[in-house]
Structures are given as C-alpha cells and as structure tokens.
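Visitor: Contents of coords.pdb (PDB, C-alpha atoms) are below:
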ATOM      1  CA  MET A 267      29.723 -15.791 -46.627
ATOM      2  CA  ARG A 268      30.437 -12.250 -45.562
ATOM      3  CA  ARG A 269      27.664 -10.106 -44.134
ATOM      4  CA  PHE A 270      27.576  -6.325 -44.360
ATOM      5  CA  GLY A 271      25.226  -5.607 -41.494
ATOM      6  CA  GLU A 272      28.126  -3.857 -39.775
ATOM      7  CA  PHE A 273      27.830  -1.003 -42.249
ATOM      8  CA  GLN A 274      25.230   1.431 -40.975
ATOM      9  CA  ARG A 275      22.091   1.404 -43.073
ATOM     10  CA  GLN A 276      20.490   4.763 -43.670
ATOM     11  CA  ASN A 277      17.125   5.184 -45.333
ATOM     12  CA  ARG A 278      17.807   8.643 -46.628
ATOM     13  CA  THR A 279      20.058  10.425 -49.065
ATOM     14  CA  SER A 280      22.699  12.772 -47.722
ATOM     15  CA  SER A 281      22.239  16.472 -48.377
ATOM     16  CA  VAL A 282      23.012  17.662 -51.886
ATOM     17  CA  THR A 283      22.676  21.251 -53.020
ATOM     18  CA  ALA A 284      21.590  22.119 -56.525
ATOM     19  CA  ALA A 285      24.996  23.673 -57.229
ATOM     20  CA  VAL A 286      26.869  20.409 -56.712
ATOM     21  CA  PRO A 287      26.708  18.074 -59.737
ATOM     22  CA  LEU A 288      25.942  14.416 -59.209
ATOM     23  CA  VAL A 289      28.141  11.580 -60.416
ATOM     24  CA  ASP A 290      27.521  10.804 -64.086
ATOM     25  CA  LEU A 291      29.726   7.730 -64.385
ATOM     26  CA  MET A 292      30.885   5.507 -61.507
ATOM     27  CA  ILE A 293      33.614   2.881 -61.791
ATOM     28  CA  VAL A 294      32.504   0.405 -59.127
ATOM     29  CA  GLY A 295      35.091  -2.414 -59.277
ATOM     30  CA  ALA A 296      36.206  -5.102 -59.118
ATOM     31  CA  GLN A 297      39.005  -4.526 -56.659
ATOM     32  CA  LYS A 298      42.461  -4.960 -58.279
ATOM     33  CA  ALA A 299      41.000  -5.171 -61.791
ATOM     34  CA  ALA A 300      42.540  -2.027 -63.358
ATOM     35  CA  THR A 301      39.858   0.381 -62.133
ATOM     36  CA  SER A 302      42.503   2.994 -61.243
ATOM     37  CA  SER A 303      44.008   2.696 -64.708
ATOM     38  CA  VAL A 304      40.633   3.383 -66.329
ATOM     39  CA  LEU A 305      40.081   6.402 -64.095
ATOM     40  CA  ARG A 306      43.494   7.839 -65.002
ATOM     41  CA  LEU A 307      42.848   7.251 -68.705
ATOM     42  CA  LEU A 308      39.606   9.201 -68.542
ATOM     43  CA  ALA A 309      41.196  11.907 -66.382
ATOM     44  CA  GLN A 310      43.383  12.860 -69.332
ATOM     45  CA  HIS A 311      40.327  14.039 -71.266
ATOM     46  CA  PRO A 312      39.901  17.821 -70.913
ATOM     47  CA  GLY A 313      36.106  17.603 -70.974
ATOM     48  CA  LEU A 314      35.653  15.582 -67.779
ATOM     49  CA  ASN A 315      35.692  16.177 -64.038
ATOM     50  CA  CYS A 316      37.532  13.171 -62.563
ATOM     51  CA  GLN A 317      38.213  12.663 -58.881
ATOM     52  CA  GLU A 318      41.675  13.491 -57.573
ATOM     53  CA  PHE A 319      42.192  10.426 -55.387
ATOM     54  CA  TYR A 320      42.096   6.700 -56.169
ATOM     55  CA  GLU A 321      38.904   5.974 -54.224
ATOM     56  CA  MET A 322      35.849   8.152 -53.619
ATOM     57  CA  ARG A 323      34.876   7.070 -50.099
ATOM     58  CA  TYR A 324      31.464   8.731 -49.948
ATOM     59  CA  PHE A 325      29.483   5.586 -50.830
ATOM     60  CA  THR A 326      31.554   3.128 -48.760
ATOM     61  CA  SER A 327      32.315   5.172 -45.632
ATOM     62  CA  ASP A 328      29.557   5.658 -43.061
ATOM     63  CA  ALA A 329      31.301   8.780 -41.724
ATOM     64  CA  GLU A 330      31.674  10.437 -45.130
ATOM     65  CA  TYR A 331      28.150   9.491 -46.151
ATOM     66  CA  GLU A 332      26.850  11.069 -42.960
ATOM     67  CA  ALA A 333      28.884  14.226 -43.647
ATOM     68  CA  GLY A 334      27.077  14.579 -46.968
ATOM     69  CA  TYR A 335      27.769  14.591 -50.687
ATOM     70  CA  ASP A 336      28.599  18.303 -50.824
ATOM     71  CA  ALA A 337      31.581  17.772 -48.516
ATOM     72  CA  ALA A 338      32.671  14.660 -50.425
ATOM     73  CA  PHE A 339      32.515  16.467 -53.758
ATOM     74  CA  ALA A 340      34.580  19.370 -52.447
ATOM     75  CA  THR A 341      37.250  16.921 -51.265
ATOM     76  CA  GLU A 342      37.344  14.677 -54.322
ATOM     77  CA  PHE A 343      36.877  17.295 -57.049
ATOM     78  CA  PRO A 344      38.714  20.432 -55.879
ATOM     79  CA  LYS A 345      39.298  21.611 -59.463
ATOM     80  CA  ALA A 346      35.883  20.758 -60.906
ATOM     81  CA  ARG A 347      34.525  22.944 -63.679
ATOM     82  CA  ALA A 348      30.853  23.533 -64.294
ATOM     83  CA  GLY A 349      29.116  21.739 -67.125
ATOM     84  CA  ARG A 350      31.519  18.787 -67.366
ATOM     85  CA  PRO A 351      30.471  15.171 -66.710
ATOM     86  CA  VAL A 352      31.568  13.853 -63.311
ATOM     87  CA  VAL A 353      33.517  10.568 -63.267
ATOM     88  CA  ALA A 354      34.223   8.837 -59.951
ATOM     89  CA  LYS A 355      35.602   5.500 -58.792
ATOM     90  CA  ASN A 356      35.533   3.215 -55.798
ATOM     91  CA  ALA A 357      36.515  -0.388 -56.442
ATOM     92  CA  MET A 358      34.695  -1.643 -53.337
ATOM     93  CA  ILE A 359      31.195  -0.566 -54.390
ATOM     94  CA  LEU A 360      30.859  -3.801 -56.356
ATOM     95  CA  HIS A 361      31.698  -5.807 -53.240
ATOM     96  CA  VAL A 362      29.705  -3.868 -50.613
ATOM     97  CA  PRO A 363      25.924  -4.125 -51.224
ATOM     98  CA  LEU A 364      25.085  -1.065 -49.138
ATOM     99  CA  ALA A 365      27.502   1.076 -51.153
ATOM    100  CA  ALA A 366      25.764   0.066 -54.391
ATOM    101  CA  GLU A 367      22.400   0.892 -52.809
ATOM    102  CA  ARG A 368      23.699   4.321 -51.817
ATOM    103  CA  LEU A 369      24.872   4.907 -55.384
ATOM    104  CA  ARG A 370      21.375   4.024 -56.633
ATOM    105  CA  LEU A 371      19.834   6.508 -54.174
ATOM    106  CA  HIS A 372      22.372   9.136 -55.189
ATOM    107  CA  ARG A 373      21.478   8.918 -58.870
ATOM    108  CA  PRO A 374      19.165   6.223 -60.237
ATOM    109  CA  ASP A 375      20.264   6.829 -63.853
ATOM    110  CA  VAL A 376      24.025   6.844 -63.183
ATOM    111  CA  LYS A 377      26.290   5.062 -65.663
ATOM    112  CA  VAL A 378      28.107   2.132 -64.026
ATOM    113  CA  VAL A 379      31.410   0.614 -65.153
ATOM    114  CA  VAL A 380      32.500  -2.849 -63.973
ATOM    115  CA  LEU A 381      35.938  -4.310 -64.688
ATOM    116  CA  LEU A 382      36.583  -7.992 -64.024
ATOM    117  CA  ARG A 383      39.832  -9.925 -63.755
ATOM    118  CA  ASP A 384      40.747 -13.581 -63.436
ATOM    119  CA  PRO A 385      39.530 -14.147 -59.845
ATOM    120  CA  VAL A 386      42.512 -16.356 -58.977
ATOM    121  CA  ARG A 387      45.017 -13.662 -59.984
ATOM    122  CA  ARG A 388      42.818 -10.978 -58.490
ATOM    123  CA  ALA A 389      42.804 -12.679 -55.097
ATOM    124  CA  TYR A 390      46.589 -12.966 -55.071
ATOM    125  CA  SER A 391      47.026  -9.360 -56.215
ATOM    126  CA  ALA A 392      44.548  -8.155 -53.595
ATOM    127  CA  TYR A 393      46.504  -9.914 -50.874
ATOM    128  CA  TRP A 394      49.764  -8.177 -51.798
ATOM    129  CA  TRP A 395      47.952  -4.854 -52.140
ATOM    130  CA  ALA A 396      46.424  -5.322 -48.674
ATOM    131  CA  ARG A 397      49.910  -5.947 -47.303
ATOM    132  CA  VAL A 398      51.326  -2.703 -48.692
ATOM    133  CA  ALA A 399      48.148  -0.784 -47.785
ATOM    134  CA  GLY A 400      48.501  -1.726 -44.128
ATOM    135  CA  PHE A 401      45.353  -3.872 -43.916
ATOM    136  CA  GLU A 402      46.863  -7.356 -43.984
ATOM    137  CA  THR A 403      49.462  -8.519 -41.465
ATOM    138  CA  ILE A 404      49.530 -12.262 -42.231
ATOM    139  CA  THR A 405      52.687 -13.035 -44.196
ATOM    140  CA  GLU A 406      51.460 -16.205 -45.973
ATOM    141  CA  PHE A 407      48.778 -15.950 -48.658
ATOM    142  CA  GLU A 408      47.436 -19.432 -47.909
ATOM    143  CA  GLN A 409      46.909 -18.548 -44.255
ATOM    144  CA  ALA A 410      45.286 -15.222 -45.100
ATOM    145  CA  LEU A 411      42.798 -16.909 -47.462
ATOM    146  CA  HIS A 412      41.168 -18.832 -44.624
ATOM    147  CA  ALA A 413      41.985 -16.668 -41.608
ATOM    148  CA  ASP A 414      39.268 -15.489 -39.239
ATOM    149  CA  PRO A 415      37.889 -12.150 -40.549
ATOM    150  CA  ALA A 416      37.451 -11.055 -36.921
ATOM    151  CA  ARG A 417      41.161 -10.182 -36.972
ATOM    152  CA  PHE A 418      40.187  -6.876 -38.606
ATOM    153  CA  ASP A 419      38.789  -4.067 -36.498
ATOM    154  CA  SER A 420      36.630  -2.444 -39.174
ATOM    155  CA  PRO A 421      34.039  -3.651 -41.727
ATOM    156  CA  MET A 422      35.923  -1.978 -44.581
ATOM    157  CA  ALA A 423      39.190  -3.717 -43.688
ATOM    158  CA  ARG A 424      37.362  -7.036 -43.674
ATOM    159  CA  ALA A 425      35.717  -6.235 -47.006
ATOM    160  CA  ASN A 426      39.021  -5.285 -48.646
ATOM    161  CA  CYS A 427      40.635  -8.531 -47.472
ATOM    162  CA  ASP A 428      37.878 -10.952 -48.403
ATOM    163  CA  TYR A 429      40.020 -12.558 -51.084
ATOM    164  CA  LEU A 430      37.520 -15.277 -51.917
ATOM    165  CA  GLU A 431      34.149 -13.552 -51.894
ATOM    166  CA  ASN A 432      35.400 -10.521 -53.816
ATOM    167  CA  GLY A 433      36.112 -12.848 -56.745
ATOM    168  CA  CYS A 434      32.581 -14.279 -56.847
ATOM    169  CA  TYR A 435      31.583 -11.896 -59.610
ATOM    170  CA  ASP A 436      28.315 -13.634 -60.440
ATOM    171  CA  ILE A 437      26.944 -12.700 -57.016
ATOM    172  CA  SER A 438      28.110  -9.093 -57.001
ATOM    173  CA  LEU A 439      27.199  -8.429 -60.642
ATOM    174  CA  SER A 440      23.716  -9.883 -60.108
ATOM    175  CA  ARG A 441      23.226  -7.315 -57.327
ATOM    176  CA  VAL A 442      24.294  -4.549 -59.693
ATOM    177  CA  PHE A 443      21.775  -5.699 -62.304
ATOM    178  CA  GLU A 444      19.044  -5.672 -59.645
ATOM    179  CA  LEU A 445      19.758  -1.997 -58.914
ATOM    180  CA  PHE A 446      20.535  -0.718 -62.405
ATOM    181  CA  THR A 447      19.277  -1.562 -65.888
ATOM    182  CA  ARG A 448      21.520  -3.438 -68.303
ATOM    183  CA  ASP A 449      21.774  -0.312 -70.449
ATOM    184  CA  GLN A 450      23.284   1.543 -67.482
ATOM    185  CA  VAL A 451      26.094  -0.962 -66.974
ATOM    186  CA  ARG A 452      29.254  -1.561 -69.005
ATOM    187  CA  VAL A 453      31.220  -4.712 -68.154
ATOM    188  CA  TYR A 454      34.819  -5.072 -69.320
ATOM    189  CA  PHE A 455      37.465  -7.664 -68.643
ATOM    190  CA  ASP A 456      40.958  -6.744 -67.553
ATOM    191  CA  ASP A 457      42.124  -8.224 -70.857
ATOM    192  CA  ASP A 458      40.019  -5.657 -72.746
ATOM    193  CA  LEU A 459      41.953  -2.839 -71.141
ATOM    194  CA  ARG A 460      45.300  -4.560 -71.622
ATOM    195  CA  GLU A 461      44.756  -5.451 -75.295
ATOM    196  CA  ARG A 462      42.439  -2.650 -76.489
ATOM    197  CA  PRO A 463      42.741   0.312 -74.105
ATOM    198  CA  ALA A 464      41.933   2.872 -76.788
ATOM    199  CA  VAL A 465      38.707   1.047 -77.672
ATOM    200  CA  VAL A 466      37.594   0.924 -74.025
ATOM    201  CA  CYS A 467      38.426   4.591 -73.544
ATOM    202  CA  SER A 468      36.644   5.628 -76.748
ATOM    203  CA  ASP A 469      33.576   3.585 -75.803
ATOM    204  CA  LEU A 470      33.280   5.267 -72.402
ATOM    205  CA  LEU A 471      33.813   8.763 -73.783
ATOM    206  CA  THR A 472      31.174   8.199 -76.455
ATOM    207  CA  TRP A 473      28.819   6.875 -73.767
ATOM    208  CA  LEU A 474      29.326  10.155 -71.898
ATOM    209  CA  GLY A 475      28.536  12.136 -75.040
ATOM    210  CA  LEU A 476      32.102  13.297 -75.635
ATOM    211  CA  PRO A 477      34.304  12.918 -78.721
ATOM    212  CA  PRO A 478      37.189  10.451 -78.300
ATOM    213  CA  GLU A 479      40.457  12.092 -77.285
ATOM    214  CA  HIS A 480      43.334  10.890 -79.474
ATOM    215  CA  ASP A 481      46.063  12.349 -77.250
ATOM    216  CA  ILE A 482      45.288  10.057 -74.300
ATOM    217  CA  ASP A 483      48.253   7.932 -73.257
ATOM    218  CA  THR A 484      46.775   4.439 -73.101
ATOM    219  CA  ALA A 485      50.046   2.684 -72.254
ATOM    220  CA  ARG A 486      50.330   3.872 -68.657
ATOM    221  CA  ARG A 487      48.873   1.736 -65.874
ATOM    222  CA  VAL A 488      48.760   2.724 -62.233
ATOM    223  CA  ASN A 489      48.536   1.111 -58.802
ATOM    224  CA  LEU A 490      50.914  -1.671 -59.808
ATOM    225  CA  ALA A 491      52.345  -4.335 -57.506
ATOM    226  CA  ALA A 492      54.525  -3.030 -54.692
ATOM    227  CA  GLU A 493      55.611  -3.855 -51.184
ATOM    228  CA  ALA A 494      55.879  -1.722 -48.063
ATOM    229  CA  ARG A 495      59.320  -0.595 -47.034
ATOM    230  CA  SER A 496      57.968  -0.806 -43.482
ATOM    231  CA  ALA A 497      54.936  -2.958 -42.730
ATOM    232  CA  GLN A 498      54.647  -1.305 -39.319
ATOM    233  CA  PHE A 499      54.528   2.173 -40.864
ATOM    234  CA  ALA A 500      51.946   1.036 -43.429
ATOM    235  CA  HIS A 501      49.743  -0.309 -40.629
ATOM    236  CA  LEU A 502      50.196   2.878 -38.573
ATOM    237  CA  LEU A 503      49.364   5.015 -41.592
ATOM    238  CA  ARG A 504      46.193   3.018 -42.127
ATOM    239  CA  ASN A 505      45.285   3.033 -38.407
ATOM    240  CA  PRO A 506      46.648   6.203 -36.778
ATOM    241  CA  PRO A 507      45.822   6.900 -33.118
ATOM    242  CA  LYS A 508      42.496   8.690 -32.745
ATOM    243  CA  SER A 509      44.184  11.641 -31.057
ATOM    244  CA  VAL A 510      46.505  12.107 -34.032
ATOM    245  CA  ARG A 511      43.633  11.738 -36.485
ATOM    246  CA  ARG A 512      41.570  14.372 -34.657
ATOM    247  CA  ALA A 513      44.486  16.809 -34.420
ATOM    248  CA  VAL A 514      45.324  16.514 -38.115
ATOM    249  CA  ASN A 515      41.692  16.924 -39.150
ATOM    250  CA  LEU A 516      41.445  20.091 -37.050
ATOM    251  CA  VAL A 517      44.459  21.653 -38.752
ATOM    252  CA  LEU A 518      44.073  20.512 -42.361
ATOM    253  CA  PRO A 519      41.112  20.219 -44.745
ATOM    254  CA  ARG A 520      40.195  16.691 -45.785
ATOM    255  CA  SER A 521      41.673  17.065 -49.266
ATOM    256  CA  ALA A 522      45.026  18.092 -47.776
ATOM    257  CA  VAL A 523      44.924  15.159 -45.341
ATOM    258  CA  ARG A 524      44.311  12.793 -48.255
ATOM    259  CA  ARG A 525      47.241  14.283 -50.190
ATOM    260  CA  VAL A 526      49.582  13.929 -47.214
ATOM    261  CA  TYR A 527      48.472  10.349 -46.643
ATOM    262  CA  ARG A 528      48.935   9.509 -50.329
ATOM    263  CA  ARG A 529      52.412  11.001 -50.384
ATOM    264  CA  LEU A 530      53.492   9.144 -47.247
ATOM    265  CA  ALA A 531      52.069   5.903 -48.614
ATOM    266  CA  GLU A 532      53.949   6.394 -51.885
ATOM    267  CA  LEU A 533      57.208   6.996 -50.025
ATOM    268  CA  ASN A 534      56.665   3.756 -48.137
ATOM    269  CA  ARG A 535      56.206   1.734 -51.354
ATOM    270  CA  ARG A 536      58.826   0.118 -53.517
ATOM    271  CA  ASP A 537      58.575  -1.924 -56.696
ATOM    272  CA  PHE A 538      57.974  -5.571 -56.043
ATOM    273  CA  THR A 539      57.228  -8.691 -58.063
ATOM    274  CA  PRO A 540      55.297 -11.199 -55.935
ATOM    275  CA  PRO A 541      56.598 -14.777 -55.958
ATOM    276  CA  PRO A 542      54.661 -17.285 -58.084
ATOM    277  CA  MET A 543      51.537 -18.652 -56.463
ATOM    278  CA  ARG A 544      51.831 -22.201 -55.196
ATOM    279  CA  VAL A 545      50.388 -24.713 -57.652
ATOM    280  CA  ALA A 546      48.229 -26.353 -54.992
ATOM    281  CA  THR A 547      46.803 -22.963 -54.018
ATOM    282  CA  GLU A 548      46.043 -22.104 -57.641
ATOM    283  CA  LEU A 549      44.217 -25.396 -58.134
ATOM    284  CA  GLU A 550      42.255 -24.830 -54.936
ATOM    285  CA  LEU A 551      41.178 -21.389 -56.112
ATOM    286  CA  LEU A 552      40.285 -22.633 -59.599
ATOM    287  CA  GLU A 553      38.003 -25.191 -58.001
ATOM    288  CA  TYR A 554      36.476 -22.608 -55.668
ATOM    289  CA  PHE A 555      35.732 -20.043 -58.391
ATOM    290  CA  ARG A 556      34.679 -22.495 -61.129
ATOM    291  CA  PRO A 557      30.901 -22.539 -60.401
ATOM    292  CA  HIS A 558      30.905 -18.766 -60.000
ATOM    293  CA  ASP A 559      32.768 -18.305 -63.295
ATOM    294  CA  LEU A 560      30.312 -20.555 -65.133
ATOM    295  CA  ARG A 561      27.404 -18.479 -63.848
ATOM    296  CA  LEU A 562      29.270 -15.279 -64.697
ATOM    297  CA  ALA A 563      29.771 -16.373 -68.326
ATOM    298  CA  TRP A 564      26.023 -16.926 -68.581
ATOM    299  CA  LEU A 565      25.290 -13.605 -66.888
ATOM    300  CA  VAL A 566      27.448 -11.507 -69.242
ATOM    301  CA  ASP A 567      26.733 -13.764 -72.243
ATOM    302  CA  ARG A 568      30.399 -13.772 -73.172
ATOM    303  CA  PRO A 569      33.259 -16.297 -72.906
ATOM    304  CA  LEU A 570      35.597 -15.542 -70.036
ATOM    305  CA  PRO A 571      39.219 -14.752 -70.975
ATOM    306  CA  TRP A 572      40.637 -16.732 -68.056
ATOM    307  CA  ALA A 573      40.804 -20.446 -67.277
ATOM    308  CA  CYS A 574      37.848 -21.948 -65.402
ATOM    309  CA  TRP A 575      39.283 -25.468 -65.242
ATOM    310  CA  PRO A 576      42.601 -26.918 -64.038
ATOM    311  CA  ASP A 577      43.488 -27.929 -67.632
ATOM    312  CA  GLY A 578      43.332 -24.275 -68.714
ATOM    313  CA  THR A 579      39.986 -24.334 -70.547
TER     314      THR A 579
END
Let me see whether you can do it: turn the structure in this file into structure tokens.
Guide:
Amino acid sequence: MRRFGEFQRQNRTSSVTAAVPLVDLMIVGAQKAATSSVLRLLAQHPGLNCQEFYEMRYFTSDAEYEAGYDAAFATEFPKARAGRPVVAKNAMILHVPLAAERLRLHRPDVKVVVLLRDPVRRAYSAYWWARVAGFETITEFEQALHADPARFDSPMARANCDYLENGCYDISLSRVFELFTRDQVRVYFDDDLRERPAVVCSDLLTWLGLPPEHDIDTARRVNLAAEARSAQFAHLLRNPPKSVRRAVNLVLPRSAVRRVYRRLAELNRRDFTPPPMRVATELELLEYFRPHDLRLAWLVDRPLPWACWPDGT
C-alpha cells in the first residue's frame, strides 16, 4: 500500500486575494480515464474559464502550493474573464489524499467530477503514458507492475506509476466522499463519455448553471496513446538538471515554461498502438481488482461497465 507521507502536509491555506476566483468545478481523476477529454469539451463553452494546461499542479505540487493560489491561477488561467465559472483538472487528486484535502481547504463547496475506467485497461494505459511522459524506464509492463517504487526519485513520480493502487477506486472514492457531500460529486464511467458525450457535457454545464452549448465538438478526444521518439529525451524533459531549471525559470514566466515543455513533449511523441496485454497478466489484474470493483459497485450503486470476473461478467 502506498503512503503519501512524503508529500509535505501544511495546516493552512495558501494566500488567495479577493480578486482571484476560486475553482468552481474540479475534475479530480482517475488518471487515464478521459479527464483531459472532458476538460477540452468544457473548454469549448464560451461561458467558462478553463485551465490552459492538462494538469493544474497547485493541489499536487508542494512547491506550487507553497507559492500560493494567486500565482497558480495566473499561470493556469492567463486569459480568464471575470464572472465566469472556473473549471480545473488534475487527474492525480483522486489518487493523492493530501491533494484532495487541499482542494477541500481551498473551497469546501467545490463541485467534484470523477471519471472511472476499467482498472485493468487503465493500468496498462497508465504504463504506456508513463513511458512517453518520461516517468517510467522499465520496458516490460509485467516488471513495472511489481517493481520497487523506490526507483523513482519523487513522490509524484511514484504516485503516477502506481499502476495497481490507482485502480482501487473504492478506496480513493471513499476518501472523496469523506471530504465532500454526495451532492458535490459527479461520478461517470469512461463508457459514459464514449457513448454519450453530449449528455455528460450537458449535465456538467447545467450543474454549473449554464445553458448547454450545441456547437461543442464531442467527437474529439485528447491525450491518446503515443510513444516517445526518444525515451532519453522524455526522461530529460521530465527531470532537467537543476541548473537548467533555475536558469529557465529566471528568464521565462511559469506559463511560458509550461508552453515550451508541452511543445517539446508533443514533438517527442508519435502515434502508437500498444501491443495486446498478455492473457496471464490480464487474469492477474482481474483477480487483483475484483474485490475493489465489487465494493465500488456498491459505493456508486450502479453496475460497472467492465468485467469483474475472468469469464467477462
């Protein structure tokens, strides 16, 4: 079981000025469950302020939390307009208890969106994403599943690559329901977005008090499977030398640094279809996630759209 004591606990909220609006709706995860697609759907609506980058790091990064919400808002929402609801996303909040606690301190009445995906497929997708993102260096999924987490040099890298625990949705969703009321939380399955994207989008817009936007393109999905053209460059991009990091941060504002990083990461990606998962590995994962899936079905009071048993039921 992973422990998050490595993340620095702070018993205070970071500074927020009255002029900076708080987050109205936060997409908290799960990782690799179409959270980026939902954010980009909502970003098409002209009545919302949506973050520019894929992940708002304020709640998951000790350094950005220490720097304060004002600085984070300026970085993530450079084109924000007054009076519009603020929509943000970080797919690791669901998996990092301290990040969820920080969100609760930030705004106790925030609206929370959770998207869930077949945990077996999610684990495999997360592994390939971690490879292209420069986190994971092990070239066999089966080895990475059970490798020593001490191979990572940061808590966030370990959290992103915890392929098993991040699929135990019953545990993470129970934590969410301890921090927020049921009325504050919307839970969708990946299948909901795939089969009824317009319904999901309309539901969230109505929840935010906005009329549904009929011109939203619901067919486009983002952050799809890819591989790194250079694994070494991906790792270097994720872990640049401290001297380089300091020099760049002195010259460029944080939003510009994020844009440069995103562009370089995109140039290092190419389309890729992962090979089929080994049957033995799939059966192992089905067995591992089965008790968690059974508890999850009870927790959300809804049948799960993925198989919980080796025979497909």
Visitor: Could you please determine the separation between CA of Leu381 (chain A) and CA of Ala546 (chain A) in Å, to one decimal place?
Guide: 27.0 Å
Visitor: Suppose you want the space between CA of Leu476 (chain A) and CA of Ala300 (chain A); what is it in Å?
Guide: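 These atoms are spaced 22.2 Å apart.
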Visitor: Please list as number ranges by chain every residue within 9 Å of His311 (chain A), counting only C-alpha atoms and excluding residues in the same chain fewer than 4 positions away.
Guide: A: 307, 315, 471, 478-479, 481-482
Visitor: Which residue gives the smallest distance to Ala340 (chain A) among A:Val379, A:Val451, A:Ala285, A:Ala485, with only C-alpha atoms counted?
Guide: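 Ranking A:Val379, A:Val451, A:Ala285, A:Ala485 by distance to Ala340 (chain A), first place goes to A:Ala285.
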Visitor: Can you work out the spacing between CA of Leu360 (chain A) and CA of Val398 (chain A) in Å, to one decimal?
Guide: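 Straight-line distance from CA of Leu360 (chain A) to CA of Val398 (chain A) works out to 21.9 Å.
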Visitor: Between A:Leu308, A:Tyr390, A:Phe343, A:Gln297, which residue has the minimum interatomic distance to Thr539 (chain A), considering only C-alpha atoms?
Guide: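 Checking each of A:Leu308, A:Tyr390, A:Phe343, A:Gln297 against Thr539 (chain A), counting only C-alpha atoms, the winner is A:Tyr390.
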Visitor: Which one of A:Tyr324, A:Phe319, A:Tyr429, A:Tyr393 sits closest to His361 (chain A) if you count all atoms listed in the file?
Guide: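 Of A:Tyr324, A:Phe319, A:Tyr429, A:Tyr393, the one nearest His361 (chain A), counting all atoms listed in the file, is A:Tyr429.
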Visitor: Apply the PyMOL selection byres ((chain A and resi 384) around 10) to the displayed file and report the matching residues as a ChimeraX atom specification.
Guide: /A:299,382-383,385-389,433,455-457,552,555,559,570-574
Visitor: Please evaluate the PyMOL selection byres ((chain A and resi 401-415) around 8) against the displayed coordinates and give the resulting residues as number ranges by chain.
Guide: A: 390, 393, 396-400, 416-418, 423-424, 427-430, 497, 501, 504, 547
Visitor: Translate the PyMOL selection byres ((chain A and resi 475) around 12) into a concrete residue list for this structure, as a list in words.
Guide: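 Selected by the PyMOL selection byres ((chain A and resi 475) around 12) in this file: Asp290, Leu291, Gly313, Leu314, Arg350, Pro351, Lys377, Ser468, Asp469, Leu470, Leu471, Thr472, Trp473, Leu474, Leu476, Pro477 and Pro478 of chain A.
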Visitor: Selection from above, C-alpha atoms, as a short mmCIF file (atom, residue, chain, number, x, y, z; two decimals), in the frame of the given file, can you write it?
Guide:
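So the final result, stored in part.cif, reads:
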data_model
loop_
_atom_site.label_atom_id
_atom_site.label_comp_id
_atom_site.auth_asym_id
_atom_site.auth_seq_id
_atom_site.Cartn_x
_atom_site.Cartn_y
_atom_site.Cartn_z
CA ASP A 290 27.52 10.80 -64.09
CA LEU A 291 29.73 7.73 -64.39
CA GLY A 313 36.11 17.60 -70.97
CA LEU A 314 35.65 15.58 -67.78
CA ARG A 350 31.52 18.79 -67.37
CA PRO A 351 30.47 15.17 -66.71
CA LYS A 377 26.29 5.06 -65.66
CA SER A 468 36.64 5.63 -76.75
CA ASP A 469 33.58 3.58 -75.80
CA LEU A 470 33.28 5.27 -72.40
CA LEU A 471 33.81 8.76 -73.78
CA THR A 472 31.17 8.20 -76.46
CA TRP A 473 28.82 6.88 -73.77
CA LEU A 474 29.33 10.15 -71.90
CA LEU A 476 32.10 13.30 -75.64
CA PRO A 477 34.30 12.92 -78.72
CA PRO A 478 37.19 10.45 -78.30
#
Visitor: Which is closer to Glu461 (chain A) than all the others in A:Asn426, A:Gln317, A:Ser303, A:Thr484, using all atoms listed in the file?
Guide: A:Thr484
Visitor: So which one's closest to Glu431 (chain A), A:Tyr554, A:Met322, A:Ile293, A:Pro287? Using all atoms listed in the file, please.
Guide: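 Nearest to Glu431 (chain A): A:Tyr554.
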Visitor: Take every atom of region 446-459 of chain A listed in the file, pad by 3 Å on each side, and give me the axis-aligned box centre and edge lengths in Å, one decimal, as lines of an AutoDock Vina configuration file.
Guide:
center_x = 30.7
center_y = -3.3
center_z = -67.6
size_x = 28.8
size_y = 15.8
size_z = 16.3
Visitor: Find the residue from A:Phe538, A:Tyr335, A:Phe325, A:Tyr435 that sits nearest to Leu565 (chain A); use only C-alpha atoms when measuring.
Guide: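 Smallest separation from Leu565 (chain A) among the options: A:Tyr435.
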Visitor: Could you give me, as number ranges by chain, the residues that have an atom at most 7 Å away from the point (25.5, 1.0, -48.0) in the coordinates of the file, using all atoms listed in the file?
Guide: A: 273, 275, 325-326, 362-368
Visitor: Taking the structure in the block just given, could you write region 421-432 of chain A with N, CA and C atoms, as a PDB file, in the first residue's frame?
Guide:
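Final file, result_32.pdb:
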ATOM      1  N   PRO A 421       7.944  11.760  -4.919  1.00  0.00           N
ATOM      2  CA  PRO A 421       6.642  11.185  -4.562  1.00  0.00           C
ATOM      3  C   PRO A 421       5.655  11.216  -5.714  1.00  0.00           C
ATOM      4  N   MET A 422       5.664  12.300  -6.517  1.00  0.00           N
ATOM      5  CA  MET A 422       4.696  12.391  -7.604  1.00  0.00           C
ATOM      6  C   MET A 422       4.980  11.378  -8.703  1.00  0.00           C
ATOM      7  N   ALA A 423       6.250  11.111  -8.978  1.00  0.00           N
ATOM      8  CA  ALA A 423       6.584  10.074  -9.961  1.00  0.00           C
ATOM      9  C   ALA A 423       6.086   8.726  -9.471  1.00  0.00           C
ATOM     10  N   ARG A 424       6.286   8.442  -8.202  1.00  0.00           N
ATOM     11  CA  ARG A 424       5.812   7.173  -7.647  1.00  0.00           C
ATOM     12  C   ARG A 424       4.290   7.086  -7.718  1.00  0.00           C
ATOM     13  N   ALA A 425       3.620   8.196  -7.413  1.00  0.00           N
ATOM     14  CA  ALA A 425       2.157   8.199  -7.450  1.00  0.00           C
ATOM     15  C   ALA A 425       1.643   7.969  -8.866  1.00  0.00           C
ATOM     16  N   ASN A 426       2.241   8.605  -9.847  1.00  0.00           N
ATOM     17  CA  ASN A 426       1.808   8.452 -11.235  1.00  0.00           C
ATOM     18  C   ASN A 426       1.998   7.029 -11.730  1.00  0.00           C
ATOM     19  N   CYS A 427       2.968   6.317 -11.198  1.00  0.00           N
ATOM     20  CA  CYS A 427       3.317   4.982 -11.690  1.00  0.00           C
ATOM     21  C   CYS A 427       2.869   3.875 -10.759  1.00  0.00           C
ATOM     22  N   ASP A 428       1.937   4.161  -9.877  1.00  0.00           N
ATOM     23  CA  ASP A 428       1.380   3.121  -9.024  1.00  0.00           C
ATOM     24  C   ASP A 428       0.203   2.493  -9.772  1.00  0.00           C
ATOM     25  N   TYR A 429       0.522   1.596 -10.684  1.00  0.00           N
ATOM     26  CA  TYR A 429      -0.465   1.067 -11.619  1.00  0.00           C
ATOM     27  C   TYR A 429      -1.555   0.256 -10.934  1.00  0.00           C
ATOM     28  N   LEU A 430      -1.249  -0.336  -9.808  1.00  0.00           N
ATOM     29  CA  LEU A 430      -2.235  -1.135  -9.098  1.00  0.00           C
ATOM     30  C   LEU A 430      -3.115  -0.272  -8.192  1.00  0.00           C
ATOM     31  N   GLU A 431      -2.504   0.461  -7.293  1.00  0.00           N
ATOM     32  CA  GLU A 431      -3.301   1.212  -6.323  1.00  0.00           C
ATOM     33  C   GLU A 431      -4.178   2.277  -6.978  1.00  0.00           C
ATOM     34  N   ASN A 432      -3.733   2.866  -8.060  1.00  0.00           N
ATOM     35  CA  ASN A 432      -4.531   3.896  -8.717  1.00  0.00           C
ATOM     36  C   ASN A 432      -5.800   3.347  -9.351  1.00  0.00           C
TER      37      ASN A 432
END
